[in-house]
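Text of query.cif, listed as mmCIF, C-alpha atoms:
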```cif
data_structure
loop_
_atom_site.label_atom_id
_atom_site.label_comp_id
_atom_site.auth_asym_id
_atom_site.auth_seq_id
_atom_site.Cartn_x
_atom_site.Cartn_y
_atom_site.Cartn_z
CA LEU K 1 8.68 10.71 -10.63
CA VAL K 2 6.72 8.12 -12.64
CA ILE K 3 3.88 8.46 -10.13
CA LEU K 4 3.72 12.19 -10.77
CA GLU K 5 3.65 11.65 -14.54
CA ALA K 6 0.44 9.59 -14.50
CA GLU K 7 -2.19 11.19 -16.73
CA THR K 8 -5.24 9.38 -15.31
CA PHE K 9 -6.23 7.93 -11.95
CA GLU K 10 -6.12 4.44 -13.45
CA GLU K 11 -2.58 5.06 -14.72
CA PHE K 12 -1.61 6.35 -11.25
CA ILE K 13 -2.81 3.08 -9.65
CA GLU K 14 -1.19 0.99 -12.38
CA THR K 15 2.11 2.83 -11.92
CA ILE K 16 2.12 2.07 -8.20
CA THR K 17 1.09 -1.58 -8.48
CA GLN K 18 2.76 -2.56 -11.76
CA ASP K 19 5.70 -0.25 -12.47
CA LEU K 20 7.04 0.53 -8.99
CA PRO K 21 7.74 -3.10 -8.04
CA VAL K 22 10.17 -3.32 -10.97
CA LEU K 23 11.76 0.05 -10.19
CA LEU K 24 12.10 -0.69 -6.47
CA ASP K 25 13.16 -4.33 -6.88
CA VAL K 26 10.30 -5.82 -4.88
CA ASP K 27 7.92 -8.51 -6.02
CA THR K 28 4.62 -6.79 -5.35
CA ILE K 29 3.11 -3.51 -4.19
CA ASN K 30 -0.52 -3.39 -3.18
CA LEU K 31 -2.79 -0.64 -1.94
CA VAL K 32 -5.24 -1.71 0.75
CA ILE K 33 -8.03 0.71 1.62
CA GLU K 34 -10.62 0.15 4.32
CA ALA K 35 -14.13 -0.06 2.90
CA THR K 36 -16.81 2.02 4.56
CA SER K 37 -19.33 -0.82 4.30
CA LYS K 38 -19.01 -3.91 6.47
CA GLU K 39 -20.40 -5.94 3.58
CA VAL K 40 -17.47 -5.39 1.19
CA PRO K 41 -15.31 -8.53 0.98
CA PHE K 42 -11.56 -8.56 0.32
CA VAL K 43 -11.53 -7.96 -3.41
CA ASN K 44 -9.08 -6.66 -5.94
CA GLN K 45 -10.37 -3.89 -8.15
CA ALA K 46 -8.08 -1.85 -10.40
CA GLY K 47 -5.02 -2.50 -8.23
CA ILE K 48 -6.67 -1.60 -4.95
CA ARG K 49 -7.68 -4.17 -2.36
CA PHE K 50 -10.52 -3.33 -0.01
CA ALA K 51 -10.53 -4.35 3.64
CA LYS K 52 -12.97 -4.19 6.50
CA PRO K 53 -12.95 -1.20 8.89
CA GLY K 54 -10.27 -1.57 11.56
CA PHE K 55 -7.91 -3.43 9.23
CA VAL K 56 -5.19 -0.75 9.29
CA ARG K 57 -5.27 -0.41 13.08
CA GLY K 58 -5.17 -4.19 13.36
CA TRP K 59 -1.91 -4.32 11.42
CA LEU K 60 -0.23 -1.06 12.41
CA GLY K 61 -1.84 -0.11 15.71
CA ASP K 62 -0.98 3.56 16.23
CA GLY K 63 2.26 3.25 14.27
CA ASP K 64 3.01 4.32 10.74
CA ALA K 65 4.89 1.25 9.54
CA LEU K 66 5.49 -2.44 10.09
CA LEU K 67 8.46 -4.25 8.55
CA GLN K 68 8.57 -8.02 9.00
CA PRO K 69 11.03 -10.64 7.74
CA ASN K 70 10.45 -14.39 7.45
CA ILE K 71 6.67 -14.32 7.08
CA ASN K 72 4.07 -15.95 4.89
CA GLY K 73 2.25 -13.31 2.85
CA HIS K 74 -1.33 -12.54 3.81
CA GLU K 75 -4.02 -12.84 1.15
CA GLU K 76 -6.01 -9.89 2.51
CA ILE K 77 -2.96 -7.70 1.75
CA PHE K 78 -1.34 -9.32 -1.28
CA GLY K 79 -4.21 -11.24 -2.87
CA PRO K 80 -3.19 -14.05 -5.23
CA GLY K 81 0.48 -13.03 -4.89
CA ALA K 82 0.52 -13.72 -1.15
CA GLY K 83 2.23 -17.09 -1.61
CA LEU K 84 5.31 -15.34 -3.01
CA VAL K 85 5.69 -12.88 -0.14
CA LYS K 86 8.21 -13.84 2.53
CA SER K 87 8.84 -10.36 3.97
CA HIS K 88 6.87 -7.14 3.81
CA ALA K 89 6.84 -3.44 4.62
CA LEU K 90 3.42 -2.00 5.42
CA LEU K 91 3.04 1.78 5.58
CA ARG K 92 0.02 3.77 6.64
CA ILE K 93 -1.65 5.97 4.02
CA GLU K 94 -3.73 8.86 5.34
CA ILE K 95 -5.38 10.43 2.33
CA SER K 96 -7.60 12.78 4.35
CA THR K 97 -9.69 12.87 7.49
CA ASN K 98 -12.76 12.22 5.30
CA THR K 99 -11.44 9.10 3.55
CA PRO K 100 -10.87 5.60 4.89
CA ALA K 101 -7.50 4.49 6.27
CA GLY K 102 -5.13 2.66 3.98
CA ILE K 103 -1.84 0.80 3.64
CA ILE K 104 0.73 0.67 0.88
CA ALA K 105 2.25 -2.80 1.11
CA PHE K 106 5.62 -3.80 -0.32
CA GLY K 107 6.16 -7.55 -0.56
CA SER K 108 9.28 -9.52 -1.37
CA ARG K 109 10.04 -13.18 -1.92
CA ASN K 110 13.35 -12.54 -0.13
CA PRO K 111 12.64 -13.41 3.53
CA GLU K 112 15.24 -10.87 4.67
CA ALA K 113 14.28 -7.95 2.38
CA PHE K 114 12.47 -6.10 5.18
CA SER K 115 13.19 -6.08 8.90
CA PRO K 116 12.24 -3.86 11.86
CA GLU K 117 15.81 -2.53 12.11
CA GLN K 118 15.61 -0.86 8.69
CA ALA K 119 15.03 2.85 8.30
CA ILE K 120 11.83 3.74 6.50
CA ASP K 121 12.76 7.26 5.36
CA GLN K 122 12.60 6.50 1.65
CA VAL K 123 9.50 4.30 1.58
CA GLY K 124 7.90 6.67 4.09
CA PHE K 125 8.50 9.55 1.71
CA LEU K 126 7.07 7.48 -1.14
CA ALA K 127 3.94 6.80 0.96
CA GLN K 128 3.55 10.56 1.51
CA VAL K 129 3.84 11.21 -2.23
CA VAL K 130 1.16 8.56 -2.86
CA GLU K 131 -1.10 10.22 -0.24
CA ARG K 132 -0.75 13.61 -1.88
CA CYS K 133 -1.37 12.22 -5.36
CA PHE K 134 -4.51 10.48 -4.09
CA ARG K 135 -5.70 13.85 -2.74
CA ILE K 136 -5.16 15.46 -6.11
CA TRP K 137 -6.87 12.68 -8.09
CA LEU K 138 -9.80 12.43 -5.65
CA ASP K 139 -9.98 16.21 -5.19
CA VAL K 140 -10.00 16.03 -1.40
CA SER K 141 -8.17 18.11 1.18
CA VAL K 142 -6.37 16.94 4.29
#
```

With the file now loaded, output its structure as structure tokens.
Amino acid sequence: LVILEAETFEEFIETITQDLPVLLDVDTINLVIEATSKEVPFVNQAGIRFAKPGFVRGWLGDGDALLQPNINGHEEIFGPGAGLVKSHALLRIEISTNTPAGIIAFGSRNPEAFSPEQAIDQVGFLAQVVERCFRIWLDVSV
């Protein structure tokens, strides 16, 4: 519900990346969006990390999610917080057919917080809410 209560796009991003980790008891949540230009490096701007085209397919293939325990966090996903991440859940974000692919990434310092055997119903629903909110804020259709 806090996502839906955001009054600006910046507050929406801040809610996802700053407030949700506390509410969901994870250490970090990042949004990674593929950049349309090959020249854009991995940077962090207003809570969104930008990645090169093909990044999402490289991590998720044709799937919608990847949950991995006992890992070392990846800087291209978690930025400076990567050293804390020991397990993650990566979920595909499809804002629209006219926008780049993306991932919402949940990272935990607990190496067993995420594993492939876990159901993703709840975080999958959250990813769908984030997609729809992006559509509203960016005024794009599916």

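Taking atom CA of Ser108 of chain K as the reference point, atom CA of Phe55 of chain K is found at 21.1 Å.
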
* Got a sec: who's within 9 Å of segment 119-121 of chain K, counting only C-alpha atoms, leaving out chain neighbours fewer than 6 positions off, as a PyMOL selection string? -> chain K and resi 65+67+89

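One distance worth recording is that between atom CA of Gln122 of chain K and atom CA of Phe9 of chain K, which is 23.3 Å.
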
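A straight line drawn from atom CA of Gly61 of chain K to atom CA of Gln18 of chain K is 28.0 Å long.
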
* Decode the PyMOL selection byres ((chain K and resi 110-117) around 12) for the given file into explicit residues and return them as a VMD selection string. => chain K and resid 24 to 28 65 to 73 84 to 90 105 to 109 118 to 120 123

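You can rank K:Ser96, K:Ile33, K:Gly47, K:Ile104 by their closest distance to Glu11 of chain K using only C-alpha atoms, and at the top of that list sits K:Gly47.
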
* Structure fact -> Leu20 of chain K proximity check over K:Ala82, K:Ile95, K:Ala101, K:Leu126, using only C-alpha atoms: winner is K:Leu126

* To do: Could you give me, as number ranges by chain, the residues within 12 Å of Asp139 of chain K, counting only C-alpha atoms and dropping anything in the same chain fewer than 3 positions from it?
  => K: 9, 95-96, 98-99, 131-136, 142

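Shortest separation to His74 of chain K among K:Asn30, K:Thr17, K:Thr97, K:Thr36 occurs at residue K:Asn30, atoms counted being all atoms listed in the file.
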
Quick one: axis-aligned box around all listed atoms of segment 106-113 of chain K, 5 Å on every side, centre and edge lengths in Å to one decimal, written as AutoDock Vina command-line options.
```
--center_x 10.4 --center_y -8.6 --center_z 1.4 --size_x 19.6 --size_y 19.6 --size_z 16.6
```

* To do: Name the closest residue to Leu31 of chain K among the candidates K:Gly79, K:Gly63, K:Gly58, K:Gly102; distances are taken between atoms, counting all atoms listed in the file.
  => K:Gly102

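Counting all atoms listed in the file, the residue from K:Pro100, K:Glu94, K:Phe50, K:Leu60 that sits nearest to Glu76 of chain K is K:Phe50.
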